[in-house]
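Below is one structure, written out as structure tokens; the observations come after it.
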Amino acid sequence: MSELASESLTQGELIHKTAAELAAKIHSGEVSSVEVTQAHLDRISAIDATVHAFLHVDAEGALAAAREVDADVAAGREVASPLAGVPLALKDVFTTKGIPTTVGSKILEGWVPPYDATVTRRLREAGIVVLGKTNMDEFAMGSSTENSAYGVTHNPWDLDRIPGGSGGGSSASLAAFEAPLAIGTDTGGSIRQPASVTGTVGVKPTYGGVSRYGLVAFSSSLDQGGPCARTVLDAALLHQVIGGHDPMDSTSIDAPVPPVVAAAREGAAGDLSGVRIGVVREFTGEWYQDGVIGSFQRAVETLRGLGAEIVEVSCPHFDYGLPAYYLIAPSECSSNLARFDAMRYGLRVGDENGNSAEQVMALTREAGFGEEVKRRVMIGTYALSSGYYDAYYGQAQKVRTLITNDFQAAFADVDVLVSPTTPTTAFRIGERADDPVAMYRADLCTIPANLAGTPALSVPCGLSDEDGLPVGLQVMAPALQDQRMYRVAAAYEVARDAEQGGPLINRVPQLEVAR
Ligand code: GLN
């Protein structure tokens, strides 16, 4: 191991701390950010060949950022934010100035963005140490990270299984203790479903709560960046850093970030009396594993034990969320991905032999896009074409309104809604690779919140009785009320750990730690 083994804390101890704990130790001078950063870089060197969470590691940039925080601490200056000095893994869908950004696609191989996304800039300004860029399904289309052009990521709970998608690299980096914090994006579930299957926490904020400037677009009316962590409080602290108004994104909400940190702290006191929680009746049935339903039902009983009032709620149009999503998201993607025209970014194929611009564009897109991306572009182009627009895209937009109305009716009666995050635990690598619809079903429970623009999170709720793999509890709140779900999830987390003998994440098989 390189320089700087702390006298007080071993590498193994450092990588198992929460972000909040690390921040406290760094800010008090007990450990340096350089030590913490190096411990995580060493962990990545030791195990990422096995997990493959990262596409690019920026050790030099990370250590330079860490040194700046250490200089502030040494000089007695106020640190830049409550998370200053803490390392983070960034999904490779956000632009990073001077650092490659591939979005998991060959079409952007070798592209080095000339600017930082707003999320990237806010992380840097907060003194958060960006370790590198994480693997993902190409253009964030998928639920398993198998659609990455750069190889699959493995789930640390079982290396033969998927880490979820599209943000499987970010979730796996947390579960493998390669980073205490990560960033994801969620268009139909890509933060929450990976969180669910890796036993970590993932949050999709209210649409417009986190800037999309510099987030490579998949489906602009659905895409939303958000925090990933191993605890609810850590997610809230990160949400506070990346959230808030940005004039560079026209859909950014011009209001303060909801009080998510205060809510997470309040929730940790473990009292939910007076909170009404709705269990969504529609999220059960043939696609749901018994082990998932069992863990979910136990979680509902735990919430009841915390004083919450539990009622059953029907949201009848949620059943149509998946088909509506698979018209709206591909339609927007077919338009957004038109910009990859072989002229502006990354790959260019067939530029010799006197080919026309159209031929170069066609050859480049043929070579640069993977199967799933092509499927979506074709579905979307079809759904938007004249004669079909009303029947497909137009109908889907109407369903979207009905789903939003279901949420509104439900939230007139309850404070939050709960469900399993995804119908199954992590499936085996390859198991659904040839069955796109089976892959799409991973997002049955997550998609409605994207269509309605409402916030939702996933918090681990135990290990399935069937296969011993993590299950996620989804908590959904009304738009702009993100704090409600943090409060409920934080209370649940404390009760869960008391019931189940400590944090669930500590039961992940320990991959060998380099010393
Ligand atoms: N799995 C969904 C899809 O493939 C959601 C992806 C996402 O949220 N980016 O579109």
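Ligands are numbered from 1 in the order shown, chains are lettered A, B, ... in the order of the structure tokens, and residues start at 1 in each chain.
Within region 182-239 of chain A, DSSP applied to the backbone places the following residues in strand (DSSP E or B): Ala182, Ile183, Gly184, Thr185, Val201, Gly202, Val203, Lys204, Val210, Leu215, Gly225, Gly226, Pro227, Cys228 and Ala229 of chain A.
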Which residues are near Val373 (chain A)? Cut-off 8 Å, only C-alpha atoms, ignore same chain within fewer than 5 positions. Put them as a PyMOL selection string. chain A and resi 138-139+141
Quick one: write out the picked residues with all heavy atoms as an mmCIF file, in the first residue's frame?
```
data_model
loop_
_atom_site.group_PDB
_atom_site.id
_atom_site.type_symbol
_atom_site.label_atom_id
_atom_site.label_comp_id
_atom_site.auth_asym_id
_atom_site.auth_seq_id
_atom_site.Cartn_x
_atom_site.Cartn_y
_atom_site.Cartn_z
ATOM 1 N N GLU A 138 -25.496 1.662 -21.572
ATOM 2 C CA GLU A 138 -25.294 2.669 -22.613
ATOM 3 C C GLU A 138 -26.439 3.694 -22.620
ATOM 4 O O GLU A 138 -27.612 3.316 -22.692
ATOM 5 C CB GLU A 138 -25.192 1.970 -23.978
ATOM 6 C CG GLU A 138 -24.885 2.940 -25.088
ATOM 7 C CD GLU A 138 -24.696 2.259 -26.445
ATOM 8 O OE1 GLU A 138 -25.022 1.066 -26.596
ATOM 9 O OE2 GLU A 138 -24.212 2.950 -27.365
ATOM 10 N N PHE A 139 -26.087 4.961 -22.522
ATOM 11 C CA PHE A 139 -27.055 6.062 -22.492
ATOM 12 C C PHE A 139 -28.117 5.875 -21.414
ATOM 13 O O PHE A 139 -29.242 6.365 -21.527
ATOM 14 C CB PHE A 139 -27.702 6.299 -23.866
ATOM 15 C CG PHE A 139 -26.773 7.028 -24.798
ATOM 16 C CD1 PHE A 139 -26.024 6.332 -25.732
ATOM 17 C CD2 PHE A 139 -26.609 8.401 -24.709
ATOM 18 C CE1 PHE A 139 -25.127 6.997 -26.563
ATOM 19 C CE2 PHE A 139 -25.722 9.078 -25.537
ATOM 20 C CZ PHE A 139 -24.981 8.384 -26.469
ATOM 21 N N MET A 141 -29.774 3.259 -20.637
ATOM 22 C CA MET A 141 -30.897 2.423 -21.054
ATOM 23 C C MET A 141 -30.649 0.982 -20.633
ATOM 24 O O MET A 141 -29.892 0.257 -21.278
ATOM 25 C CB MET A 141 -31.058 2.491 -22.580
ATOM 26 C CG MET A 141 -31.401 3.892 -23.048
ATOM 27 S SD MET A 141 -31.353 4.007 -24.823
ATOM 28 C CE MET A 141 -31.286 5.791 -25.021
#
```
Exercise: Pro156 (chain A) partners within 8 Å, only C-alpha atoms, chain neighbours under 6 positions left out, as a list in words: Val51, Pro163, Ala172, Ala175, Ala176, Thr198, Val508, Pro509 and Leu511 of chain A
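The interatomic distance for the pair CA of Ala479 (chain A) and CA of Ala410 (chain A) works out to 12.6 Å.
Considering the residues A:Ile403, A:Leu181, A:Val210, A:Cys333 and counting only C-alpha atoms, Gln240 (chain A) has its shortest atom-to-atom contact with A:Val210.
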Which protein, DNA or RNA residues have an atom within 8 Å of ligand 1, counting only C-alpha atoms and all ligand atoms, as a list in words? Phe139, Ala140, Met141, Gly142, Ser143, Ser144, Gly165, Ser166, Gly167, Thr185, Asp186, Thr187, Gly188, Gly189, Ser190, Ile191, Phe218, Asp223, Tyr326, Ala329, Met439, Tyr440, Ala442, Asp443 and Ile447 of chain A
Within 12 Å of Gly285 (chain A), counting only C-alpha atoms, which residues show up once you throw out same-chain ones fewer than 4 positions away? Write them as a PDB file with N, CA, C and O atoms, in the first residue's frame, please.
```pdb
ATOM      1  N   ARG A 281     -51.596  -0.817  -3.577  1.00  0.00           N
ATOM      2  CA  ARG A 281     -52.181  -2.138  -3.784  1.00  0.00           C
ATOM      3  C   ARG A 281     -51.698  -2.781  -5.101  1.00  0.00           C
ATOM      4  O   ARG A 281     -51.560  -3.997  -5.197  1.00  0.00           O
ATOM      5  N   GLN A 289     -41.363 -11.695  -6.557  1.00  0.00           N
ATOM      6  CA  GLN A 289     -40.876 -12.856  -5.804  1.00  0.00           C
ATOM      7  C   GLN A 289     -41.469 -12.857  -4.390  1.00  0.00           C
ATOM      8  O   GLN A 289     -41.601 -11.789  -3.772  1.00  0.00           O
ATOM      9  N   ASP A 290     -41.736 -14.046  -3.877  1.00  0.00           N
ATOM     10  CA  ASP A 290     -42.255 -14.147  -2.506  1.00  0.00           C
ATOM     11  C   ASP A 290     -41.285 -13.540  -1.494  1.00  0.00           C
ATOM     12  O   ASP A 290     -41.702 -12.922  -0.518  1.00  0.00           O
ATOM     13  N   VAL A 292     -39.323 -11.075  -1.870  1.00  0.00           N
ATOM     14  CA  VAL A 292     -39.406  -9.609  -1.918  1.00  0.00           C
ATOM     15  C   VAL A 292     -40.648  -9.145  -1.173  1.00  0.00           C
ATOM     16  O   VAL A 292     -40.601  -8.237  -0.331  1.00  0.00           O
ATOM     17  N   ILE A 293     -41.775  -9.793  -1.464  1.00  0.00           N
ATOM     18  CA  ILE A 293     -43.025  -9.408  -0.790  1.00  0.00           C
ATOM     19  C   ILE A 293     -42.892  -9.627   0.728  1.00  0.00           C
ATOM     20  O   ILE A 293     -43.318  -8.794   1.528  1.00  0.00           O
ATOM     21  N   ASP A 319     -50.605   0.516 -13.288  1.00  0.00           N
ATOM     22  CA  ASP A 319     -50.424  -0.671 -14.132  1.00  0.00           C
ATOM     23  C   ASP A 319     -50.034  -0.307 -15.568  1.00  0.00           C
ATOM     24  O   ASP A 319     -49.491  -1.136 -16.291  1.00  0.00           O
ATOM     25  N   PRO A 420     -42.461  -2.314  -2.689  1.00  0.00           N
ATOM     26  CA  PRO A 420     -41.110  -2.824  -2.983  1.00  0.00           C
ATOM     27  C   PRO A 420     -40.496  -1.906  -4.052  1.00  0.00           C
ATOM     28  O   PRO A 420     -41.229  -1.286  -4.825  1.00  0.00           O
ATOM     29  N   PRO A 423     -39.441  -5.817  -8.381  1.00  0.00           N
ATOM     30  CA  PRO A 423     -40.145  -7.066  -8.078  1.00  0.00           C
ATOM     31  C   PRO A 423     -39.256  -8.242  -7.669  1.00  0.00           C
ATOM     32  O   PRO A 423     -39.754  -9.200  -7.079  1.00  0.00           O
ATOM     33  N   THR A 424     -37.972  -8.198  -8.015  1.00  0.00           N
ATOM     34  CA  THR A 424     -37.100  -9.338  -7.711  1.00  0.00           C
ATOM     35  C   THR A 424     -35.786  -8.847  -7.117  1.00  0.00           C
ATOM     36  O   THR A 424     -35.448  -7.674  -7.219  1.00  0.00           O
ATOM     37  N   LEU A 444     -41.077  -1.815 -12.861  1.00  0.00           N
ATOM     38  CA  LEU A 444     -42.536  -1.740 -12.680  1.00  0.00           C
ATOM     39  C   LEU A 444     -42.936  -0.752 -11.580  1.00  0.00           C
ATOM     40  O   LEU A 444     -43.895  -0.010 -11.740  1.00  0.00           O
ATOM     41  N   CYS A 445     -42.210  -0.768 -10.479  1.00  0.00           N
ATOM     42  CA  CYS A 445     -42.623   0.049  -9.317  1.00  0.00           C
ATOM     43  C   CYS A 445     -41.982   1.438  -9.316  1.00  0.00           C
ATOM     44  O   CYS A 445     -42.445   2.324  -8.601  1.00  0.00           O
TER      45      CYS A 445
END
```
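One distance worth recording is that between CA of Ala71 (chain A) and CA of Ala46 (chain A), which is 28.3 Å.
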Given the choices A:Ser419, A:Ser33, A:Asn155, A:Thr404, which gets closest to Val86 (chain A) if the distance is worked out from only C-alpha atoms?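 Checking each of A:Ser419, A:Ser33, A:Asn155, A:Thr404 against Val86 (chain A), counting only C-alpha atoms, the winner is A:Ser33.
The nearest approach to Glu332 (chain A) among the residues A:Ala299, A:Val416, A:Ala217, A:Leu306, with only C-alpha atoms taken into account, belongs to A:Ala217.
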Backbone-only DSSP, helix (DSSP H, G or I) members of region 203-371 of chain A, as an MDAnalysis selection string: chainID A and resid 232:242 260:267 290:305 316:339 357:368 371
Using only C-alpha atoms, which protein or nucleic acid residues come within 12 Å of Thr101 (chain A)? Drop anything in the same chain fewer than 5 positions from it, and give the result as a PyMOL selection string. chain A and resi 54-57+90-96+106-117+120+132-136+138-139+214-216+345-346
